[in-house]
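Engineer: Input file: coords-v7.cif. Contents: mmCIF, C-alpha atoms.
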data_entry
#
loop_
_atom_site.label_atom_id
_atom_site.label_comp_id
_atom_site.auth_asym_id
_atom_site.auth_seq_id
_atom_site.Cartn_x
_atom_site.Cartn_y
_atom_site.Cartn_z
CA MET A 186 -70.43 2.24 -83.48
CA GLN A 187 -68.90 5.39 -84.92
CA PHE A 188 -65.62 6.79 -83.63
CA THR A 189 -66.91 10.11 -82.32
CA TYR A 190 -67.00 11.58 -78.83
CA GLU A 191 -70.78 11.53 -78.89
CA CYS A 192 -70.79 7.79 -79.59
CA TYR A 193 -68.23 7.23 -76.85
CA LYS A 194 -70.47 9.25 -74.53
CA ALA A 195 -73.36 6.97 -75.46
CA LEU A 196 -71.17 3.97 -74.68
CA LEU A 197 -70.40 5.34 -71.22
CA GLN A 198 -74.11 5.97 -70.64
CA LYS A 199 -74.94 2.44 -71.71
CA LEU A 200 -72.39 1.05 -69.27
CA ARG A 201 -73.96 3.00 -66.41
CA GLU A 202 -77.51 2.13 -67.44
CA HIS A 203 -76.62 -1.55 -67.22
CA GLY A 204 -75.08 -1.28 -63.77
CA TYR A 205 -71.37 -1.08 -64.58
CA GLU A 206 -69.31 1.06 -62.22
CA ILE A 207 -66.09 2.54 -63.55
CA ALA A 208 -63.12 1.07 -61.69
CA ASP A 209 -59.35 0.98 -62.00
CA TYR A 210 -56.78 -1.79 -61.71
CA GLU A 211 -56.83 -1.60 -57.93
CA SER A 212 -60.43 -0.79 -56.98
CA TRP A 213 -62.26 -3.34 -59.14
CA ARG A 214 -62.37 -6.00 -56.42
CA GLN A 215 -64.66 -3.78 -54.34
CA LYS A 216 -67.30 -3.58 -57.08
CA LYS A 217 -69.74 -6.28 -58.10
CA ARG A 218 -70.27 -5.14 -61.70
CA CYS A 219 -67.53 -2.93 -63.06
CA VAL A 220 -65.61 -1.76 -66.11
CA ILE A 221 -61.96 -0.75 -66.40
CA LEU A 222 -61.37 1.86 -69.10
CA ARG A 223 -57.91 1.88 -70.63
CA HIS A 224 -56.20 4.01 -73.28
CA ASP A 225 -52.88 3.13 -74.94
CA ILE A 226 -51.09 6.24 -76.26
CA ASP A 227 -49.38 4.75 -79.30
CA TYR A 228 -48.88 7.89 -81.39
CA ASP A 229 -50.48 11.17 -80.36
CA VAL A 230 -50.40 12.39 -76.77
CA HIS A 231 -52.45 15.48 -77.66
CA LYS A 232 -55.36 13.33 -78.84
CA ALA A 233 -55.09 11.59 -75.47
CA VAL A 234 -55.49 14.98 -73.76
CA GLU A 235 -58.65 15.62 -75.80
CA MET A 236 -60.05 12.30 -74.64
CA ALA A 237 -58.97 12.94 -71.04
CA GLU A 238 -60.80 16.28 -71.00
CA PHE A 239 -63.88 14.73 -72.55
CA GLU A 240 -63.91 11.91 -69.99
CA GLN A 241 -63.50 14.43 -67.18
CA GLU A 242 -66.70 16.12 -68.37
CA GLU A 243 -68.40 12.71 -68.32
CA GLU A 244 -66.97 11.84 -64.88
CA ALA A 245 -65.22 8.78 -66.28
CA ALA A 246 -61.75 8.03 -64.92
CA SER A 247 -59.38 5.98 -67.08
CA THR A 248 -55.81 4.74 -67.13
CA TYR A 249 -53.63 6.22 -69.89
CA PHE A 250 -50.67 4.03 -70.80
CA VAL A 251 -47.62 5.93 -72.05
CA LEU A 252 -45.07 4.44 -74.44
CA LEU A 253 -41.69 5.43 -73.04
CA THR A 254 -39.86 4.17 -76.15
CA SER A 255 -42.15 5.88 -78.66
CA ASP A 256 -40.79 7.23 -81.95
CA PHE A 257 -43.67 9.75 -81.93
CA TYR A 258 -43.25 11.60 -78.63
CA ASN A 259 -40.75 12.15 -75.81
CA VAL A 260 -42.07 12.08 -72.25
CA PHE A 261 -39.38 14.58 -71.18
CA SER A 262 -40.12 17.15 -73.90
CA ARG A 263 -41.95 20.24 -72.65
CA GLY A 264 -45.09 19.77 -74.74
CA THR A 265 -45.50 16.07 -74.02
CA ASN A 266 -44.73 16.46 -70.34
CA GLN A 267 -47.31 19.21 -70.01
CA ALA A 268 -49.83 17.02 -71.82
CA LEU A 269 -49.25 14.12 -69.43
CA HIS A 270 -49.69 16.37 -66.42
CA LYS A 271 -52.90 17.66 -67.98
CA ILE A 272 -54.20 14.09 -68.22
CA ILE A 273 -53.39 13.60 -64.54
CA SER A 274 -55.10 16.88 -63.60
CA CYS A 275 -58.26 15.59 -65.33
CA GLY A 276 -58.43 12.83 -62.72
CA HIS A 277 -56.87 10.00 -64.71
CA THR A 278 -53.99 7.64 -64.00
CA ILE A 279 -50.78 7.28 -65.99
CA GLY A 280 -49.40 3.80 -66.61
CA LEU A 281 -46.51 2.38 -68.62
CA HIS A 282 -47.09 1.08 -72.15
CA PHE A 283 -44.25 -1.38 -72.70
CA ASP A 284 -42.92 -2.50 -76.09
CA GLU A 285 -40.82 -5.65 -75.82
CA VAL A 286 -39.82 -5.32 -79.49
CA ARG A 287 -37.46 -2.55 -78.38
CA TYR A 288 -35.38 -5.23 -76.67
CA PRO A 289 -34.80 -7.94 -79.31
CA PHE A 290 -31.93 -9.39 -77.27
CA LEU A 291 -34.50 -10.32 -74.60
CA ALA A 292 -36.83 -12.26 -76.93
CA GLY A 293 -38.31 -15.19 -75.04
CA ASP A 294 -36.78 -14.01 -71.75
CA PRO A 295 -39.60 -13.18 -69.30
CA GLU A 296 -37.19 -12.34 -66.48
CA GLY A 297 -35.27 -9.89 -68.65
CA ILE A 298 -38.51 -8.28 -69.81
CA ARG A 299 -39.70 -8.03 -66.21
CA GLN A 300 -36.54 -6.13 -65.30
CA LYS A 301 -36.94 -3.75 -68.25
CA ILE A 302 -40.53 -3.02 -67.27
CA ALA A 303 -39.38 -2.08 -63.78
CA GLU A 304 -36.65 0.14 -65.22
CA GLU A 305 -38.99 1.92 -67.63
CA ALA A 306 -41.61 2.40 -64.91
CA GLU A 307 -38.99 4.11 -62.76
CA ILE A 308 -38.04 6.47 -65.61
CA LEU A 309 -41.67 7.29 -66.38
CA SER A 310 -42.28 7.93 -62.68
CA THR A 311 -39.53 10.55 -62.79
CA ALA A 312 -41.05 12.15 -65.90
CA VAL A 313 -44.58 12.52 -64.52
CA GLY A 314 -43.71 13.04 -60.86
CA GLN A 315 -45.69 10.14 -59.46
CA LYS A 316 -45.18 6.43 -58.99
CA ILE A 317 -46.17 4.22 -61.92
CA THR A 318 -48.08 1.17 -60.68
CA THR A 319 -49.57 -0.31 -63.88
CA VAL A 320 -48.25 -1.60 -67.19
CA SER A 321 -49.87 -2.60 -70.48
CA MET A 322 -48.06 -4.45 -73.25
CA HIS A 323 -47.63 -3.10 -76.78
CA ARG A 324 -47.84 -5.92 -79.33
CA PRO A 325 -46.95 -8.63 -76.77
CA SER A 326 -45.50 -11.95 -77.88
CA LYS A 327 -47.18 -15.23 -76.97
CA GLU A 328 -44.24 -16.08 -74.69
CA ILE A 329 -44.71 -12.94 -72.63
CA LEU A 330 -48.49 -13.32 -72.48
CA ASP A 331 -48.19 -16.93 -71.38
CA ALA A 332 -45.61 -15.96 -68.74
CA ASP A 333 -48.27 -13.92 -66.87
CA LEU A 334 -45.55 -11.54 -65.66
CA GLN A 335 -45.63 -10.56 -62.00
CA ILE A 336 -43.72 -7.32 -61.39
CA PRO A 337 -43.27 -6.17 -57.79
CA GLY A 338 -45.26 -2.99 -57.17
CA ILE A 339 -46.70 -2.96 -60.71
CA ILE A 340 -50.02 -4.39 -61.90
CA ASN A 341 -49.83 -6.14 -65.28
CA SER A 342 -52.99 -5.27 -67.24
CA TYR A 343 -52.20 -8.28 -69.44
CA GLY A 344 -52.13 -10.57 -66.45
CA LYS A 345 -54.44 -13.54 -66.62
CA VAL A 346 -56.84 -12.07 -64.06
CA PHE A 347 -57.77 -9.25 -66.47
CA PHE A 348 -58.52 -11.71 -69.25
CA LYS A 349 -59.90 -14.58 -67.20
CA ASP A 350 -62.12 -12.67 -64.76
CA PHE A 351 -62.95 -9.87 -67.23
CA LYS A 352 -64.41 -9.69 -70.71
CA TYR A 353 -61.76 -7.88 -72.77
CA LEU A 354 -62.88 -5.59 -75.62
CA SER A 355 -60.71 -3.44 -77.89
CA ASP A 356 -61.04 -0.99 -80.79
CA SER A 357 -57.54 -1.70 -82.15
CA ARG A 358 -56.95 -0.49 -85.72
CA ARG A 359 -60.21 1.43 -85.47
CA ARG A 360 -62.35 -1.68 -85.42
CA TRP A 361 -64.22 -3.39 -82.61
CA ARG A 362 -63.56 -7.13 -82.88
CA GLU A 363 -66.80 -7.85 -81.06
CA PRO A 364 -70.13 -5.98 -80.79
CA VAL A 365 -69.25 -3.93 -77.72
CA GLU A 366 -72.69 -2.32 -77.33
CA GLU A 367 -74.49 -5.65 -77.54
CA ILE A 368 -72.13 -7.20 -75.00
CA ILE A 369 -72.77 -4.35 -72.55
CA SER A 370 -76.54 -4.61 -73.01
CA SER A 371 -76.51 -8.38 -72.52
CA LYS A 372 -75.11 -8.02 -68.97
CA GLN A 373 -73.56 -11.40 -69.61
CA TYR A 374 -70.29 -10.36 -67.97
CA GLU A 375 -69.92 -8.89 -64.50
CA ARG A 376 -66.56 -7.32 -65.33
CA LEU A 377 -65.45 -5.58 -68.52
CA HIS A 378 -61.96 -4.47 -69.52
CA ILE A 379 -62.19 -2.03 -72.44
CA LEU A 380 -59.29 -0.63 -74.47
CA ILE A 381 -60.12 2.59 -76.33
CA HIS A 382 -57.53 4.31 -78.54
CA ALA A 383 -58.05 8.07 -78.30
CA PHE A 384 -56.22 8.45 -81.62
CA TRP A 385 -59.32 7.35 -83.58
CA TYR A 386 -61.91 9.63 -81.93
CA ASN A 387 -63.07 13.01 -83.25
CA ARG A 388 -66.02 15.40 -83.02
CA GLN A 389 -67.19 14.18 -86.43
CA GLU A 390 -66.82 10.72 -87.95
CA ILE A 391 -63.56 10.32 -89.92
CA ASP A 392 -62.67 7.04 -91.63
CA LEU A 393 -59.44 5.08 -91.14
CA HIS A 394 -57.72 6.55 -94.20
CA ASP A 395 -58.53 10.17 -93.39
CA SER A 396 -57.55 9.73 -89.74
CA VAL A 397 -54.09 8.59 -90.73
CA VAL A 398 -53.69 11.23 -93.46
CA ARG A 399 -54.69 14.00 -91.05
CA TYR A 400 -52.13 12.83 -88.50
CA VAL A 401 -49.28 12.45 -91.00
CA ASN A 402 -49.89 15.82 -92.63
CA GLY A 403 -50.38 17.49 -89.27
CA GLY A 404 -46.88 16.36 -88.35
CA ASN A 405 -45.41 18.83 -90.83
CA ARG A 406 -47.25 21.71 -89.20
CA GLN A 407 -46.07 20.61 -85.75
CA LYS A 408 -42.45 20.45 -86.92
CA TYR A 409 -42.75 24.00 -88.20
CA VAL A 410 -44.04 25.17 -84.83
CA TRP A 411 -41.10 23.50 -83.08
CA LEU A 412 -38.63 25.11 -85.48
CA GLU A 413 -40.17 28.53 -84.81
CA ASP A 414 -39.10 28.15 -81.19
CA ASN A 415 -35.53 27.41 -82.22
CA ILE A 416 -34.76 29.33 -85.44
CA THR A 417 -34.91 33.11 -85.45
CA ASP A 418 -37.16 34.57 -88.17
CA LEU A 419 -38.07 31.15 -89.58
CA GLY A 420 -40.69 32.75 -91.81
CA ALA A 421 -37.97 34.52 -93.80
CA ILE A 422 -36.39 31.14 -94.55
CA MET A 423 -39.60 29.21 -95.14
CA PRO A 424 -42.98 30.98 -95.10
CA PRO A 425 -45.64 29.01 -93.15
CA GLU A 426 -47.84 28.73 -96.26
CA GLU A 427 -45.21 26.39 -97.76
CA VAL A 428 -45.98 23.77 -95.13
CA LEU A 429 -47.85 20.91 -96.82
#
Here is a file; write its structure as structure tokens.

Structural biologist:
Amino acid sequence: MQFTYECYKALLQKLREHGYEIADYESWRQKKRCVILRHDIDYDVHKAVEMAEFEQEEEAASTYFVLLTSDFYNVFSRGTNQALHKIISCGHTIGLHFDEVRYPFLAGDPEGIRQKIAEEAEILSTAVGQKITTVSMHRPSKEILDADLQIPGIINSYGKVFFKDFKYLSDSRRRWREPVEEIISSKQYERLHILIHAFWYNRQEIDLHDSVVRYVNGGNRQKYVWLEDNITDLGAIMPPEEVL
């Protein structure tokens, strides 16, 4: 499967053709055969907006998990905050993407991690203006996975129910670990839980190397745009054509 919007559209069509209804982390119990679509925003919130708009056209609602402790975006910055509200306006749900590595002093401490999840969810709720009720883990440790964390008022997408009662599929590092299309067609599983990273998807197929190069080089252009909003007559200091 290529990492293009057209191929993702075909995947959504295949799901529907084989009787899978799109559900979320709360409504799935009311559906016999269903799929939960999930997106972790690890790096680029604007790519997530592209995916959100595309899914809106395809009438596919997903949950977009936001990394509050990201080094790549700030949920309170104007651009990122507008992007998150755009995702919501497209009919999707915002959840918390939680990185336990940010709290090394809590390694192996499920109760401490549970408290931090609740704290981050509250902060993200303030940022997006609505209550956060779901969490997904970013690079979870075995201890935290095995703990099957139960957080009051928050659904843990890494809870055992979403791996025991669902078939979990992911395109992490731009590679499907299992043949997702074949699994859908087989109708072997009544419930699917699919993680799609919007970062990898484009109008045309772009390989892993070029995807990363485009993002890294695009960062220079974005920094220039930000500086233009803060430095008067930036072009006289550094002409835009000097941006690599």

Engineer: Do you have, as a Markdown table, the list of residues of range 219-333 of chain A lying at most 12 Å from range 386-402 of chain A, each with its nearest atom pair and that distance in Å to one decimal, counting all atoms listed in the file and ordered by chain then number?

Structural biologist:
| residue | atom | partner | partner_atom | distance |
| --- | --- | --- | --- | --- |
| A:His224 | CA | A:Tyr386 | CA | 11.8 |
| A:Tyr228 | CA | A:Tyr400 | CA | 9.2 |
| A:Asp229 | CA | A:Tyr400 | CA | 8.5 |
| A:Val230 | CA | A:Tyr400 | CA | 11.9 |
| A:His231 | CA | A:Tyr400 | CA | 11.2 |
| A:Lys232 | CA | A:Tyr386 | CA | 8.1 |
| A:Ala233 | CA | A:Tyr386 | CA | 9.6 |
| A:Val234 | CA | A:Tyr386 | CA | 11.7 |
| A:Glu235 | CA | A:Asn387 | CA | 9.0 |
| A:Met236 | CA | A:Tyr386 | CA | 8.0 |
| A:Ala237 | CA | A:Tyr386 | CA | 11.8 |
| A:Phe239 | CA | A:Arg388 | CA | 10.7 |
| A:Phe257 | CA | A:Val401 | CA | 11.0 |

Engineer: Nearest residue to His270 in chain A out of A:Pro337, A:Pro289, A:Gly297, A:Gly314, using all atoms listed in the file?

Structural biologist: A:Gly314

Engineer: Here's the selection I'm unsure about, the PyMOL selection byres ((chain A and resi 279-282) around 8); applied to the file above, which residues does it give, as number ranges by chain?

Structural biologist: A: 225-226, 248-253, 269, 272-273, 277-278, 283-284, 305-306, 309, 317-323

Engineer: In Å, with one decimal, what is the gap from CA of Trp385 in chain A to CA of Ala195 in chain A?

Structural biologist: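 Computing it gives 16.2 Å between the two atoms.
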
Engineer: Find, counting only C-alpha atoms, the residue in A:Ser355, A:Ala312, A:Tyr409, A:Ser342 that gets nearest to Arg263 in chain A.

Structural biologist: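 Ranking A:Ser355, A:Ala312, A:Tyr409, A:Ser342 by distance to Arg263 in chain A, first place goes to A:Ala312.
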
Engineer: I'd like the interatomic distance between CA of Gly276 in chain A and CA of Ala246 in chain A, to a tenth of an Å.

Structural biologist: 6.2 Å

Engineer: If you measure from CA of Lys327 in chain A to CA of Glu363 in chain A, what distance in Å do you get, rounded to one decimal?

Structural biologist: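 Rounded to one decimal, the two atoms are 21.4 Å apart.
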
Engineer: Under the PyMOL selection byres ((chain A and resi 213) around 12), which residues of this model are included? Write them out as a ChimeraX atom specification.

Structural biologist: /A:205-212,214-222,346-347,350-351,375-378

Engineer: Next, the residues of the selection above should be written as a compact mmCIF listing (two decimals), in the coordinates of the input with C-alpha atoms.

Structural biologist:
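Generated output (out05.txt):
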# COMPACT_ATOMS: atom_id res chain seq x y z
CA TYR A 205 -71.37 -1.08 -64.58
CA GLU A 206 -69.31 1.06 -62.22
CA ILE A 207 -66.09 2.54 -63.55
CA ALA A 208 -63.12 1.07 -61.69
CA ASP A 209 -59.35 0.98 -62.00
CA TYR A 210 -56.78 -1.79 -61.71
CA GLU A 211 -56.83 -1.60 -57.93
CA SER A 212 -60.43 -0.79 -56.98
CA ARG A 214 -62.37 -6.00 -56.42
CA GLN A 215 -64.66 -3.78 -54.34
CA LYS A 216 -67.30 -3.58 -57.08
CA LYS A 217 -69.74 -6.28 -58.10
CA ARG A 218 -70.27 -5.14 -61.70
CA CYS A 219 -67.53 -2.93 -63.06
CA VAL A 220 -65.61 -1.76 -66.11
CA ILE A 221 -61.96 -0.75 -66.40
CA LEU A 222 -61.37 1.86 -69.10
CA VAL A 346 -56.84 -12.07 -64.06
CA PHE A 347 -57.77 -9.25 -66.47
CA ASP A 350 -62.12 -12.67 -64.76
CA PHE A 351 -62.95 -9.87 -67.23
CA GLU A 375 -69.92 -8.89 -64.50
CA ARG A 376 -66.56 -7.32 -65.33
CA LEU A 377 -65.45 -5.58 -68.52
CA HIS A 378 -61.96 -4.47 -69.52

Engineer: Could you list the residues chosen by the PyMOL selection byres ((chain A and resi 328-331) around 8) in this structure as a compact mmCIF listing (two decimals) with C-alpha atoms, keeping the file's coordinate frame?

Structural biologist:
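Result file part_34.txt:
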# COMPACT_ATOMS: atom_id res chain seq x y z
CA GLY A 293 -38.31 -15.19 -75.04
CA PRO A 295 -39.60 -13.18 -69.30
CA PRO A 325 -46.95 -8.63 -76.77
CA SER A 326 -45.50 -11.95 -77.88
CA LYS A 327 -47.18 -15.23 -76.97
CA ALA A 332 -45.61 -15.96 -68.74
CA ASP A 333 -48.27 -13.92 -66.87
CA LEU A 334 -45.55 -11.54 -65.66
CA TYR A 343 -52.20 -8.28 -69.44
CA GLY A 344 -52.13 -10.57 -66.45

Engineer: Could you work out an axis-aligned bounding box for all listed atoms of range 354-369 of chain A, with 3 Å added on each of the six sides, and give its centre and edge lengths in Å to one decimal, as lines of an AutoDock Vina configuration file?

Structural biologist:
center_x = -65.7
center_y = -3.2
center_z = -79.1
size_x = 23.5
size_y = 15.3
size_z = 19.2

Engineer: I'd like the contact shell of Trp411 in chain A - 12 Å cut-off, only C-alpha atoms, skipping same-chain residues fewer than 6 positions apart - returned as a compact mmCIF listing (two decimals) with C-alpha atoms, in the frame of the given file.

Structural biologist:
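Printed below is part.txt as written:
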# COMPACT_ATOMS: atom_id res chain seq x y z
CA SER A 262 -40.12 17.15 -73.90
CA ARG A 263 -41.95 20.24 -72.65
CA GLY A 264 -45.09 19.77 -74.74
CA GLY A 404 -46.88 16.36 -88.35
CA ASN A 405 -45.41 18.83 -90.83
CA THR A 417 -34.91 33.11 -85.45
CA LEU A 419 -38.07 31.15 -89.58

Engineer: Can you tell me, as a list in words, what residues are no more than 9 Å from Arg406 in chain A when counting all atoms listed in the file, ignoring any on the same chain fewer than 6 positions away?

Structural biologist: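 The neighbour list is Pro425, Val428 and Leu429 of chain A.
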
Engineer: Keeping only C-alpha atoms, write the selected residues as a compact mmCIF listing (two decimals), in the frame of the given file.

Structural biologist:
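To be explicit, this is the file written out as again-v7.txt:
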# COMPACT_ATOMS: atom_id res chain seq x y z
CA PRO A 425 -45.64 29.01 -93.15
CA VAL A 428 -45.98 23.77 -95.13
CA LEU A 429 -47.85 20.91 -96.82

Engineer: Identify, on the basis of only C-alpha atoms, every residue whose closest approach to Asp356 in chain A does not exceed 8 Å; exclude the query and any residue fewer than 3 positions from it along the same chain; express the result as a list of chain:residue names.

Structural biologist: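 After dropping sequence-adjacent residues, the list is A:Arg359, A:Arg360, A:Trp361, A:Arg362, A:Leu380, A:Ile381, A:His382.
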
Engineer: For a quick check of understanding, using all atoms listed in the file, which of A:Met423, A:Phe384, A:Thr254, A:Gly338 has the smallest distance to Arg358 in chain A?

Structural biologist: A:Phe384

Engineer: Any chance you could model N, CA and C atoms for range 347-370 of chain A and send them as an mmCIF file, in the coordinates of the input?

Structural biologist:
data_model
loop_
_atom_site.group_PDB
_atom_site.id
_atom_site.type_symbol
_atom_site.label_atom_id
_atom_site.label_comp_id
_atom_site.auth_asym_id
_atom_site.auth_seq_id
_atom_site.Cartn_x
_atom_site.Cartn_y
_atom_site.Cartn_z
ATOM 1 N N PHE A 347 -57.027 -10.240 -65.689
ATOM 2 C CA PHE A 347 -57.770 -9.250 -66.470
ATOM 3 C C PHE A 347 -58.272 -9.794 -67.800
ATOM 4 N N PHE A 348 -57.964 -11.056 -68.063
ATOM 5 C CA PHE A 348 -58.520 -11.710 -69.250
ATOM 6 C C PHE A 348 -59.373 -12.918 -68.860
ATOM 7 N N LYS A 349 -59.124 -13.451 -67.673
ATOM 8 C CA LYS A 349 -59.900 -14.580 -67.200
ATOM 9 C C LYS A 349 -61.159 -14.124 -66.460
ATOM 10 N N ASP A 350 -60.997 -13.144 -65.571
ATOM 11 C CA ASP A 350 -62.120 -12.670 -64.760
ATOM 12 C C ASP A 350 -62.861 -11.499 -65.400
ATOM 13 N N PHE A 351 -62.346 -10.979 -66.508
ATOM 14 C CA PHE A 351 -62.950 -9.870 -67.230
ATOM 15 C C PHE A 351 -63.231 -10.261 -68.677
ATOM 16 N N LYS A 352 -64.205 -9.600 -69.272
ATOM 17 C CA LYS A 352 -64.410 -9.690 -70.710
ATOM 18 C C LYS A 352 -63.619 -8.544 -71.332
ATOM 19 N N TYR A 353 -62.635 -8.887 -72.171
ATOM 20 C CA TYR A 353 -61.760 -7.880 -72.770
ATOM 21 C C TYR A 353 -62.297 -7.466 -74.132
ATOM 22 N N LEU A 354 -62.388 -6.147 -74.359
ATOM 23 C CA LEU A 354 -62.880 -5.590 -75.620
ATOM 24 C C LEU A 354 -61.924 -4.494 -76.069
ATOM 25 N N SER A 355 -61.674 -4.405 -77.378
ATOM 26 C CA SER A 355 -60.710 -3.440 -77.890
ATOM 27 C C SER A 355 -61.136 -2.885 -79.246
ATOM 28 N N ASP A 356 -60.773 -1.619 -79.494
ATOM 29 C CA ASP A 356 -61.040 -0.990 -80.790
ATOM 30 C C ASP A 356 -59.763 -0.844 -81.624
ATOM 31 N N SER A 357 -58.816 -1.762 -81.443
ATOM 32 C CA SER A 357 -57.540 -1.700 -82.150
ATOM 33 C C SER A 357 -57.741 -1.588 -83.661
ATOM 34 N N ARG A 358 -56.895 -0.772 -84.278
ATOM 35 C CA ARG A 358 -56.950 -0.490 -85.720
ATOM 36 C C ARG A 358 -58.312 0.050 -86.146
ATOM 37 N N ARG A 359 -58.915 0.780 -85.223
ATOM 38 C CA ARG A 359 -60.210 1.430 -85.470
ATOM 39 C C ARG A 359 -61.302 0.425 -85.864
ATOM 40 N N ARG A 360 -61.320 -0.669 -85.154
ATOM 41 C CA ARG A 360 -62.350 -1.680 -85.420
ATOM 42 C C ARG A 360 -62.599 -2.497 -84.157
ATOM 43 N N TRP A 361 -63.845 -2.533 -83.731
ATOM 44 C CA TRP A 361 -64.220 -3.390 -82.610
ATOM 45 C C TRP A 361 -64.298 -4.826 -83.100
ATOM 46 N N ARG A 362 -63.549 -5.702 -82.474
ATOM 47 C CA ARG A 362 -63.560 -7.130 -82.880
ATOM 48 C C ARG A 362 -64.878 -7.805 -82.528
ATOM 49 N N GLU A 363 -65.535 -7.284 -81.503
ATOM 50 C CA GLU A 363 -66.800 -7.850 -81.060
ATOM 51 C C GLU A 363 -67.807 -6.715 -80.880
ATOM 52 N N PRO A 364 -69.102 -7.024 -80.919
ATOM 53 C CA PRO A 364 -70.130 -5.980 -80.790
ATOM 54 C C PRO A 364 -70.208 -5.444 -79.362
ATOM 55 N N VAL A 365 -69.420 -4.427 -79.082
ATOM 56 C CA VAL A 365 -69.250 -3.930 -77.720
ATOM 57 C C VAL A 365 -70.586 -3.484 -77.107
ATOM 58 N N GLU A 366 -71.417 -2.805 -77.870
ATOM 59 C CA GLU A 366 -72.690 -2.320 -77.330
ATOM 60 C C GLU A 366 -73.620 -3.473 -76.971
ATOM 61 N N GLU A 367 -73.642 -4.487 -77.821
ATOM 62 C CA GLU A 367 -74.490 -5.650 -77.540
ATOM 63 C C GLU A 367 -73.995 -6.398 -76.302
ATOM 64 N N ILE A 368 -72.700 -6.490 -76.152
ATOM 65 C CA ILE A 368 -72.130 -7.200 -75.000
ATOM 66 C C ILE A 368 -72.476 -6.465 -73.712
ATOM 67 N N ILE A 369 -72.401 -5.131 -73.731
ATOM 68 C CA ILE A 369 -72.770 -4.350 -72.550
ATOM 69 C C ILE A 369 -74.249 -4.568 -72.219
ATOM 70 N N SER A 370 -75.091 -4.486 -73.226
ATOM 71 C CA SER A 370 -76.540 -4.610 -73.010
ATOM 72 C C SER A 370 -76.937 -5.997 -72.510
#
